[in-house]
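Source file structure.txt; content: compact mmCIF, C-alpha atoms.
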# COMPACT_ATOMS: atom_id res chain seq x y z
CA MET A 1262 155.27 -105.43 -56.81
CA LYS A 1263 158.11 -107.94 -56.49
CA TYR A 1264 160.40 -105.17 -55.27
CA TYR A 1265 158.14 -104.16 -52.41
CA LEU A 1266 157.43 -107.77 -51.45
CA VAL A 1267 161.16 -108.18 -50.91
CA ILE A 1268 161.32 -104.97 -48.85
CA MET A 1269 158.57 -106.38 -46.63
CA ILE A 1270 160.51 -109.61 -46.15
CA PHE A 1271 163.72 -107.72 -45.50
CA LEU A 1272 162.20 -105.45 -42.86
CA PHE A 1273 160.33 -108.25 -41.09
CA THR A 1274 161.49 -108.76 -37.51
CA LYS A 1275 160.54 -111.46 -35.04
CA VAL A 1276 159.63 -109.76 -31.78
CA SER A 1277 158.33 -110.52 -28.30
CA SER A 1278 156.36 -108.48 -25.80
CA GLN A 1279 158.17 -106.57 -23.07
CA ILE A 1280 156.18 -103.58 -21.85
CA LYS A 1281 152.67 -103.33 -20.41
CA PHE A 1282 150.66 -100.12 -20.62
CA ASN A 1283 147.76 -99.01 -18.44
CA VAL A 1284 145.16 -97.76 -20.92
CA GLU A 1285 142.45 -95.33 -19.78
CA TYR A 1286 141.50 -93.80 -23.14
CA GLU A 1287 142.14 -94.54 -26.81
CA ALA A 1288 142.31 -92.01 -29.63
CA ASP A 1289 142.38 -93.39 -33.18
CA TYR A 1290 143.79 -91.38 -36.07
CA GLU A 1291 143.79 -91.60 -39.85
CA LEU A 1292 146.95 -90.52 -41.65
CA ASN A 1293 146.85 -89.31 -45.23
CA TYR A 1294 150.39 -89.16 -46.61
CA LYS A 1295 152.49 -89.12 -49.76
CA ASP A 1296 153.51 -92.72 -50.30
CA PHE A 1297 156.85 -93.21 -52.08
CA THR A 1298 155.98 -96.86 -52.82
CA THR A 1299 152.93 -96.22 -55.02
CA ASP A 1300 151.85 -94.05 -57.93
CA VAL A 1301 148.81 -92.66 -56.12
CA ALA A 1302 148.92 -89.10 -54.84
CA LYS A 1303 148.05 -90.03 -51.26
CA SER A 1304 147.83 -93.20 -49.19
CA LYS A 1305 145.96 -93.82 -45.96
CA THR A 1306 146.66 -95.74 -42.79
CA THR A 1307 145.42 -95.65 -39.21
CA PHE A 1308 146.98 -95.49 -35.75
CA ALA A 1309 146.02 -96.09 -32.14
CA LEU A 1310 147.04 -93.63 -29.43
CA LEU A 1311 146.70 -95.23 -25.99
CA LEU A 1312 146.43 -92.77 -23.12
CA ASN A 1313 146.43 -92.29 -19.41
CA GLN A 1314 146.97 -89.14 -17.35
CA ASN A 1315 150.77 -89.42 -17.36
CA GLU A 1316 151.81 -90.94 -20.67
CA SER A 1317 150.78 -92.03 -24.14
CA TYR A 1318 151.68 -94.83 -26.50
CA PHE A 1319 151.37 -94.59 -30.30
CA LYS A 1320 151.41 -97.45 -32.79
CA ASN A 1321 150.20 -98.15 -36.33
CA MET A 1322 146.87 -99.98 -36.17
CA ASN A 1323 148.10 -102.89 -38.30
CA LYS A 1324 151.09 -103.38 -36.02
CA TYR A 1325 148.87 -102.95 -32.95
CA ILE A 1326 146.61 -105.78 -34.16
CA LYS A 1327 149.48 -108.03 -35.24
CA ASP A 1328 151.39 -107.58 -31.98
CA SER A 1329 148.25 -108.27 -29.96
CA LEU A 1330 147.63 -111.51 -31.90
CA ILE A 1331 151.25 -112.57 -31.38
CA ASN A 1332 151.06 -111.75 -27.67
CA GLU A 1333 147.83 -113.75 -27.35
CA LYS A 1334 149.47 -116.62 -29.30
CA GLN A 1335 146.83 -116.50 -32.02
CA ILE A 1336 149.78 -116.03 -34.35
CA ILE A 1337 152.88 -118.14 -33.67
CA LEU A 1338 156.01 -117.09 -35.53
CA SER A 1339 158.46 -119.69 -36.82
CA GLY A 1340 161.56 -117.53 -37.07
CA ASN A 1341 161.71 -117.93 -40.85
CA ALA A 1342 161.37 -114.39 -42.23
CA TYR A 1343 159.74 -115.42 -45.51
CA ASN A 1344 157.20 -117.82 -43.98
CA ASP A 1345 156.36 -115.45 -41.14
CA MET A 1346 155.94 -112.56 -43.57
CA LYS A 1347 153.43 -114.59 -45.61
CA MET A 1348 151.47 -115.28 -42.43
CA THR A 1349 151.47 -111.68 -41.18
CA GLY A 1350 151.91 -109.76 -44.43
CA LYS A 1351 148.40 -108.29 -44.31
CA TYR A 1352 149.45 -106.44 -41.16
CA TYR A 1353 152.51 -104.85 -42.79
CA SER A 1354 152.99 -101.12 -42.21
CA ASN A 1355 155.28 -98.45 -43.59
CA PHE A 1356 155.30 -97.08 -40.03
CA PRO A 1357 156.82 -99.74 -37.76
CA GLU A 1358 157.95 -97.38 -35.00
CA THR A 1359 156.47 -97.61 -31.53
CA ILE A 1360 156.40 -94.28 -29.70
CA GLY A 1361 155.93 -93.63 -26.00
CA ILE A 1362 155.63 -90.13 -24.55
CA THR A 1363 155.82 -88.67 -21.05
CA SER A 1364 155.84 -85.02 -20.03
CA SER A 1365 159.61 -84.82 -20.54
CA LYS A 1366 160.67 -87.61 -22.90
CA VAL A 1367 159.87 -89.35 -26.19
CA TYR A 1368 160.81 -93.04 -26.42
CA VAL A 1369 161.03 -94.70 -29.84
CA SER A 1370 161.62 -98.36 -30.75
CA LEU A 1371 162.21 -99.58 -34.29
CA ALA A 1372 163.87 -102.29 -36.36
CA VAL A 1373 166.82 -101.61 -38.67
CA TYR A 1374 168.45 -104.38 -40.72
CA ASN A 1375 166.43 -106.93 -38.79
CA LYS A 1376 167.86 -105.72 -35.48
CA ASN A 1377 165.96 -103.84 -32.79
CA PHE A 1378 166.95 -100.39 -31.58
CA ARG A 1379 165.54 -97.69 -29.35
CA TYR A 1380 166.36 -94.06 -28.78
CA GLU A 1381 165.17 -91.25 -26.56
CA GLU A 1382 164.74 -87.54 -27.18
CA ASP A 1383 163.47 -84.61 -25.17
CA ASN A 1384 159.77 -83.79 -25.40
CA ASN A 1385 160.34 -80.12 -26.19
CA ILE A 1386 158.20 -79.01 -29.12
CA SER A 1387 157.83 -75.22 -28.91
CA TRP A 1388 154.24 -74.47 -29.92
CA GLN A 1389 153.00 -70.99 -30.77
CA LEU A 1390 149.32 -70.69 -29.88
CA GLN A 1391 147.18 -68.83 -32.41
CA ASN A 1392 144.00 -66.84 -31.87
CA ASP A 1393 142.27 -69.07 -34.37
CA PHE A 1394 139.47 -71.52 -33.61
CA LYS A 1395 137.21 -73.98 -35.40
CA THR A 1396 135.03 -76.99 -34.63
CA ILE A 1397 136.01 -80.61 -35.20
CA GLY A 1398 133.09 -82.92 -34.50
CA LYS A 1399 131.62 -81.74 -31.20
CA TYR A 1400 134.84 -80.11 -29.99
CA LYS A 1401 135.99 -76.51 -30.23
CA VAL A 1402 139.66 -76.58 -31.17
CA GLN A 1403 142.45 -74.01 -31.19
CA LYS A 1404 145.30 -73.66 -33.64
CA ALA A 1405 149.00 -73.99 -32.78
CA ILE A 1406 152.10 -73.87 -34.98
CA ALA A 1407 155.56 -75.34 -34.44
CA LYS A 1408 158.73 -76.05 -36.40
CA LYS A 1409 160.09 -79.52 -35.75
CA TYR A 1410 161.95 -82.26 -37.63
CA GLY A 1411 162.55 -80.06 -40.67
CA ARG A 1412 158.90 -79.20 -41.22
CA THR A 1413 156.40 -76.57 -40.09
CA TRP A 1414 153.43 -78.18 -38.32
CA VAL A 1415 149.89 -76.94 -37.76
CA ALA A 1416 147.96 -78.54 -34.89
CA TRP A 1417 144.38 -78.18 -33.70
CA PHE A 1418 143.80 -79.16 -30.07
CA ALA A 1419 140.74 -79.44 -27.82
CA LYS A 1420 140.99 -78.06 -24.28
CA ASP A 1421 137.83 -80.03 -23.45
CA ILE A 1422 139.92 -83.23 -23.70
CA PRO A 1423 142.61 -82.47 -21.09
CA PHE A 1424 145.39 -84.73 -22.34
CA PRO A 1425 148.62 -83.07 -23.58
CA PHE A 1426 149.16 -85.75 -26.23
CA GLY A 1427 148.57 -86.35 -29.92
CA PRO A 1428 149.55 -88.56 -32.85
CA TYR A 1429 153.15 -89.47 -33.62
CA LYS A 1430 155.52 -87.42 -31.39
CA PHE A 1431 153.26 -84.37 -31.16
CA SER A 1432 152.40 -83.34 -27.60
CA GLY A 1433 152.75 -80.52 -25.10
CA LEU A 1434 149.54 -78.61 -25.82
CA PRO A 1435 146.80 -77.94 -23.21
CA GLY A 1436 144.45 -80.48 -24.78
CA LEU A 1437 144.37 -83.51 -27.04
CA ILE A 1438 145.51 -82.85 -30.62
CA LEU A 1439 142.64 -83.75 -32.95
CA GLU A 1440 144.36 -82.76 -36.19
CA VAL A 1441 147.97 -82.04 -37.18
CA TYR A 1442 149.63 -81.62 -40.56
CA ASP A 1443 152.73 -80.09 -42.14
CA ASP A 1444 152.53 -76.95 -44.24
CA LYS A 1445 152.99 -78.96 -47.46
CA ASP A 1446 150.33 -81.45 -46.37
CA ASP A 1447 152.63 -84.39 -46.98
CA TYR A 1448 151.48 -85.86 -43.65
CA HIS A 1449 148.00 -85.17 -42.30
CA TYR A 1450 146.69 -86.82 -39.10
CA SER A 1451 142.98 -86.60 -38.22
CA LEU A 1452 141.19 -88.04 -35.20
CA TYR A 1453 138.26 -90.29 -36.12
CA LYS A 1454 137.47 -91.97 -32.79
CA PHE A 1455 137.98 -91.20 -29.10
CA GLY A 1456 136.70 -92.93 -25.98
CA LYS A 1457 137.36 -94.58 -22.64
CA ARG A 1458 139.26 -97.88 -22.61
CA LYS A 1459 140.00 -99.54 -19.26
CA TYR A 1460 142.48 -102.37 -19.79
CA ILE A 1461 146.13 -103.34 -19.57
CA CYS A 1462 147.77 -103.53 -23.01
CA ASN A 1463 150.28 -106.37 -22.84
CA SER A 1464 151.72 -105.70 -26.28
CA ALA A 1465 152.57 -102.02 -25.97
CA ASN A 1466 156.20 -102.55 -27.01
CA MET A 1467 156.97 -105.66 -29.04
CA TYR A 1468 160.62 -104.93 -29.79
CA LYS A 1469 162.63 -107.39 -27.73
CA ASN A 1470 166.11 -106.55 -26.42
CA ALA A 1471 166.22 -103.27 -28.33
CA LYS A 1472 169.66 -101.64 -28.10
CA LEU A 1473 169.71 -98.06 -26.82
CA VAL A 1474 171.51 -95.81 -29.34
CA ASP A 1475 171.75 -92.15 -30.23
CA LYS A 1476 169.04 -91.12 -32.68
CA SER A 1477 171.68 -90.17 -35.25
CA LYS A 1478 172.66 -93.85 -35.53
CA VAL A 1479 169.27 -94.90 -36.87
CA PHE A 1480 168.01 -91.69 -38.48
CA ASP A 1481 167.35 -92.15 -42.21
CA GLN A 1482 168.41 -95.81 -42.12
CA LYS A 1483 165.36 -96.82 -44.13
CA ARG A 1484 166.57 -94.77 -47.10
CA LYS A 1485 170.04 -96.30 -46.81
CA SER A 1486 168.68 -99.83 -46.53
CA MET A 1487 166.75 -99.39 -49.77
CA GLN A 1488 170.03 -98.92 -51.63
CA ASP A 1489 171.91 -101.80 -49.99
CA ILE A 1490 171.51 -104.41 -52.71
CA ASN A 1491 173.84 -106.87 -50.97
CA LYS A 1492 171.36 -107.19 -48.11
CA PHE A 1493 168.64 -108.22 -50.53
CA LYS A 1494 170.94 -110.73 -52.20
CA GLU A 1495 171.28 -112.50 -48.87
CA LEU A 1496 167.55 -113.23 -48.94
CA ILE A 1497 166.76 -113.96 -52.58
CA ASP A 1498 168.35 -115.67 -55.55
CA ASP A 1499 165.93 -114.70 -58.33
CA PRO A 1500 168.01 -112.75 -60.94
CA GLU A 1501 164.91 -110.96 -62.23
CA ILE A 1502 164.02 -109.60 -58.79
CA ILE A 1503 167.63 -108.60 -58.11
CA GLN A 1504 167.75 -106.76 -61.43
CA THR A 1505 164.52 -104.93 -60.61
CA ILE A 1506 165.78 -103.97 -57.16
CA THR A 1507 169.12 -102.77 -58.52
CA LYS A 1508 167.37 -100.54 -61.03
CA ARG A 1509 164.68 -99.20 -58.73
CA ALA A 1510 166.59 -98.79 -55.45
CA PRO A 1511 168.25 -95.39 -56.17
CA VAL A 1512 164.99 -93.97 -57.53
CA VAL A 1513 162.90 -95.15 -54.57
CA ALA A 1514 165.50 -93.90 -52.08
CA LYS A 1515 165.52 -90.48 -53.75
CA GLU A 1516 161.71 -90.30 -53.71
CA TYR A 1517 161.51 -91.37 -50.07
CA ASN A 1518 159.78 -88.58 -48.15
CA PRO A 1519 159.89 -89.41 -44.42
CA ILE A 1520 157.89 -87.53 -41.81
CA GLU A 1521 161.17 -86.33 -40.27
CA LEU A 1522 163.47 -84.51 -42.68
CA LYS A 1523 165.85 -83.53 -39.87
CA ILE A 1524 166.75 -85.15 -36.57
CA TYR A 1525 165.47 -82.23 -34.48

Starting from the file, lay out its structure as structure tokens.
Amino acid sequence: MKYYLVIMIFLFTKVSSQIKFNVEYEADYELNYKDFTTDVAKSKTTFALLLNQNESYFKNMNKYIKDSLINEKQIILSGNAYNDMKMTGKYYSNFPETIGITSSKVYVSLAVYNKNFRYEEDNNISWQLQNDFKTIGKYKVQKAIAKKYGRTWVAWFAKDIPFPFGPYKFSGLPGLILEVYDDKDDYHYSLYKFGKRKYICNSANMYKNAKLVDKSKVFDQKRKSMQDINKFKELIDDPEIIQTITKRAPVVAKEYNPIELKIY
């Protein structure tokens, strides 16, 4: 427990709002995933996918709530990582990325070593449509398969919801993706709510002054940061915690199972 508390402090970043997003619909997803930080087989978290006809914006629900509260000044950060973490710790997420998608591009913002970065990549997932159908809720959905980021993905999309978007970076199908998972079921997204939302989201991207870099510069940095004991020593002086981190860091880094195993 002490080890992961320190990770939370270390990854905490003070941020400010920059981008507004015109929301017409919201799709909420539950993710069941293998969590390297716990002993349970699967963990759960939720995400909000904000939509309009031309673009989408995807963010972990905890981060979505926290950023909204910061933007509305219901939470005022002090700049002290430890104190601010205690105040916002209940909103912590293992998925801090913010992801925007258009028809041609994917835009990602994230924090690494307490600094903010962003990268862009082409929106070019090559889906293979399957002659396979089922029903999810009230929607008839069709199956599609793609290989991306070192995994094989299965998606189920609904043509009756004419948005070419989905959770995480998944898009490009002729209908909203209601369910998507990899063939090992390490990551499994499922839609649990969809509806109209007419408002301007003022906290769509909370990473301030994010530096534009090539994706290779930040890919797999979380695994590397787990093993950088010197960075933790800059924040804490408790020998017991340092000893625990030193012992656990290589094991946790080895067990880390990110959604993207490869850059492309």

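Using all atoms listed in the file, the smallest distance between any of A:Pro1428, A:Phe1282, A:Ser1370, A:Tyr1453 and Phe1319 in chain A comes from A:Pro1428.
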
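With all atoms listed in the file as the basis for measurement, A:Leu1312 is the residue among A:Val1415, A:Leu1312, A:Ala1510, A:Cys1462 that approaches Thr1363 in chain A most closely.
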
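Excluding Lys1476 in chain A itself and same-chain residues fewer than 5 positions from it, the residues having an atom within 10 Å of it are Val1369, Phe1378, Arg1379, Tyr1380, Glu1381, Glu1382, Asp1481, Ile1524 and Tyr1525 of chain A, counting all atoms listed in the file.
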
Resulting file, chosen residues, C-alpha atoms, as a tab-separated table (two decimals), in the frame of the given file:
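Written output follows (selection39.tsv):
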chain	number	residue	atom	x	y	z
A	1369	VAL	CA	161.03	-94.70	-29.84
A	1378	PHE	CA	166.95	-100.39	-31.58
A	1379	ARG	CA	165.54	-97.69	-29.35
A	1380	TYR	CA	166.36	-94.06	-28.78
A	1381	GLU	CA	165.17	-91.25	-26.56
A	1382	GLU	CA	164.74	-87.54	-27.18
A	1481	ASP	CA	167.35	-92.15	-42.21
A	1524	ILE	CA	166.75	-85.15	-36.57
A	1525	TYR	CA	165.47	-82.23	-34.48

Q: Compile the contact shell of Ser1451 in chain A as number ranges by chain: residues with an atom at most 12 Å away, counting all atoms listed in the file, same-chain residues fewer than 6 positions apart removed.
A: A: 1288-1294, 1305-1310, 1397-1398, 1415-1418, 1427-1429, 1437-1442

Print the selection's residues with C-alpha atoms to a file, as a CSV table (one decimal), in the coordinates of the input.
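Resulting contents of part00.csv:
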chain,number,residue,atom,x,y,z
A,1288,ALA,CA,142.3,-92.0,-29.6
A,1289,ASP,CA,142.4,-93.4,-33.2
A,1290,TYR,CA,143.8,-91.4,-36.1
A,1291,GLU,CA,143.8,-91.6,-39.8
A,1292,LEU,CA,147.0,-90.5,-41.6
A,1293,ASN,CA,146.8,-89.3,-45.2
A,1294,TYR,CA,150.4,-89.2,-46.6
A,1305,LYS,CA,146.0,-93.8,-46.0
A,1306,THR,CA,146.7,-95.7,-42.8
A,1307,THR,CA,145.4,-95.6,-39.2
A,1308,PHE,CA,147.0,-95.5,-35.8
A,1309,ALA,CA,146.0,-96.1,-32.1
A,1310,LEU,CA,147.0,-93.6,-29.4
A,1397,ILE,CA,136.0,-80.6,-35.2
A,1398,GLY,CA,133.1,-82.9,-34.5
A,1415,VAL,CA,149.9,-76.9,-37.8
A,1416,ALA,CA,148.0,-78.5,-34.9
A,1417,TRP,CA,144.4,-78.2,-33.7
A,1418,PHE,CA,143.8,-79.2,-30.1
A,1427,GLY,CA,148.6,-86.4,-29.9
A,1428,PRO,CA,149.6,-88.6,-32.8
A,1429,TYR,CA,153.2,-89.5,-33.6
A,1437,LEU,CA,144.4,-83.5,-27.0
A,1438,ILE,CA,145.5,-82.8,-30.6
A,1439,LEU,CA,142.6,-83.8,-33.0
A,1440,GLU,CA,144.4,-82.8,-36.2
A,1441,VAL,CA,148.0,-82.0,-37.2
A,1442,TYR,CA,149.6,-81.6,-40.6

**Q.** Distance in Å - CA of Lys1457 in chain A versus CA of Asn1332 in chain A
**A.** 22.5 Å

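A cut-off of 9 Å from the point (158.7, -92.7, -23.4), with only C-alpha atoms, picks out the residues A:Glu1316, A:Ser1317, A:Tyr1318, A:Ile1360, A:Gly1361, A:Ile1362, A:Thr1363, A:Ser1364, A:Ser1365, A:Lys1366, A:Val1367, A:Tyr1368, A:Val1369, A:Glu1381, A:Glu1382.
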
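The coordinates place CA of Glu1285 in chain A at 22.6 Å from CA of Ile1331 in chain A.
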
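The residue that comes closest to Ala1465 in chain A, out of A:Ser1486, A:Gln1504, A:Ser1329, A:Gln1391 and on the basis of all atoms listed in the file, is A:Ser1329.
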
Q: Please identify all polymer residues lying at most 8 Å from the point (150.6, -98.1, -39.3) (file coordinates), using only C-alpha atoms, and present the result as a VMD selection string.
A: chain A and resid 1306 to 1308 1320 to 1324 1353 to 1357

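The space separating CA of Lys1351 in chain A from CA of Lys1459 in chain A comes to 27.8 Å.
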
(Q) What's around Arg1484 in chain A at 12 Å? Count all atoms listed in the file, leave out sequence neighbours fewer than 4 positions away in its own chain, and write the answer as a ChimeraX atom specification. (A) /A:1268,1297,1373-1374,1479-1480,1488-1489,1510-1519,1522

**Q.** Residue nearest Trp1388 in chain A among A:Leu1452, A:Ala1405, A:Val1284, A:Ala1302 (counting all atoms listed in the file)
**A.** A:Ala1405

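Residue nearest Leu1371 in chain A, chosen from A:Lys1454, A:Lys1404, A:Lys1327, A:Lys1469 and counting all atoms listed in the file: A:Lys1469.
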
Q. Of the residues A:Lys1472, A:Lys1376, A:Lys1408, A:Lys1303, which is the one nearest to Asp1447 in chain A, using all atoms listed in the file?
A. A:Lys1303
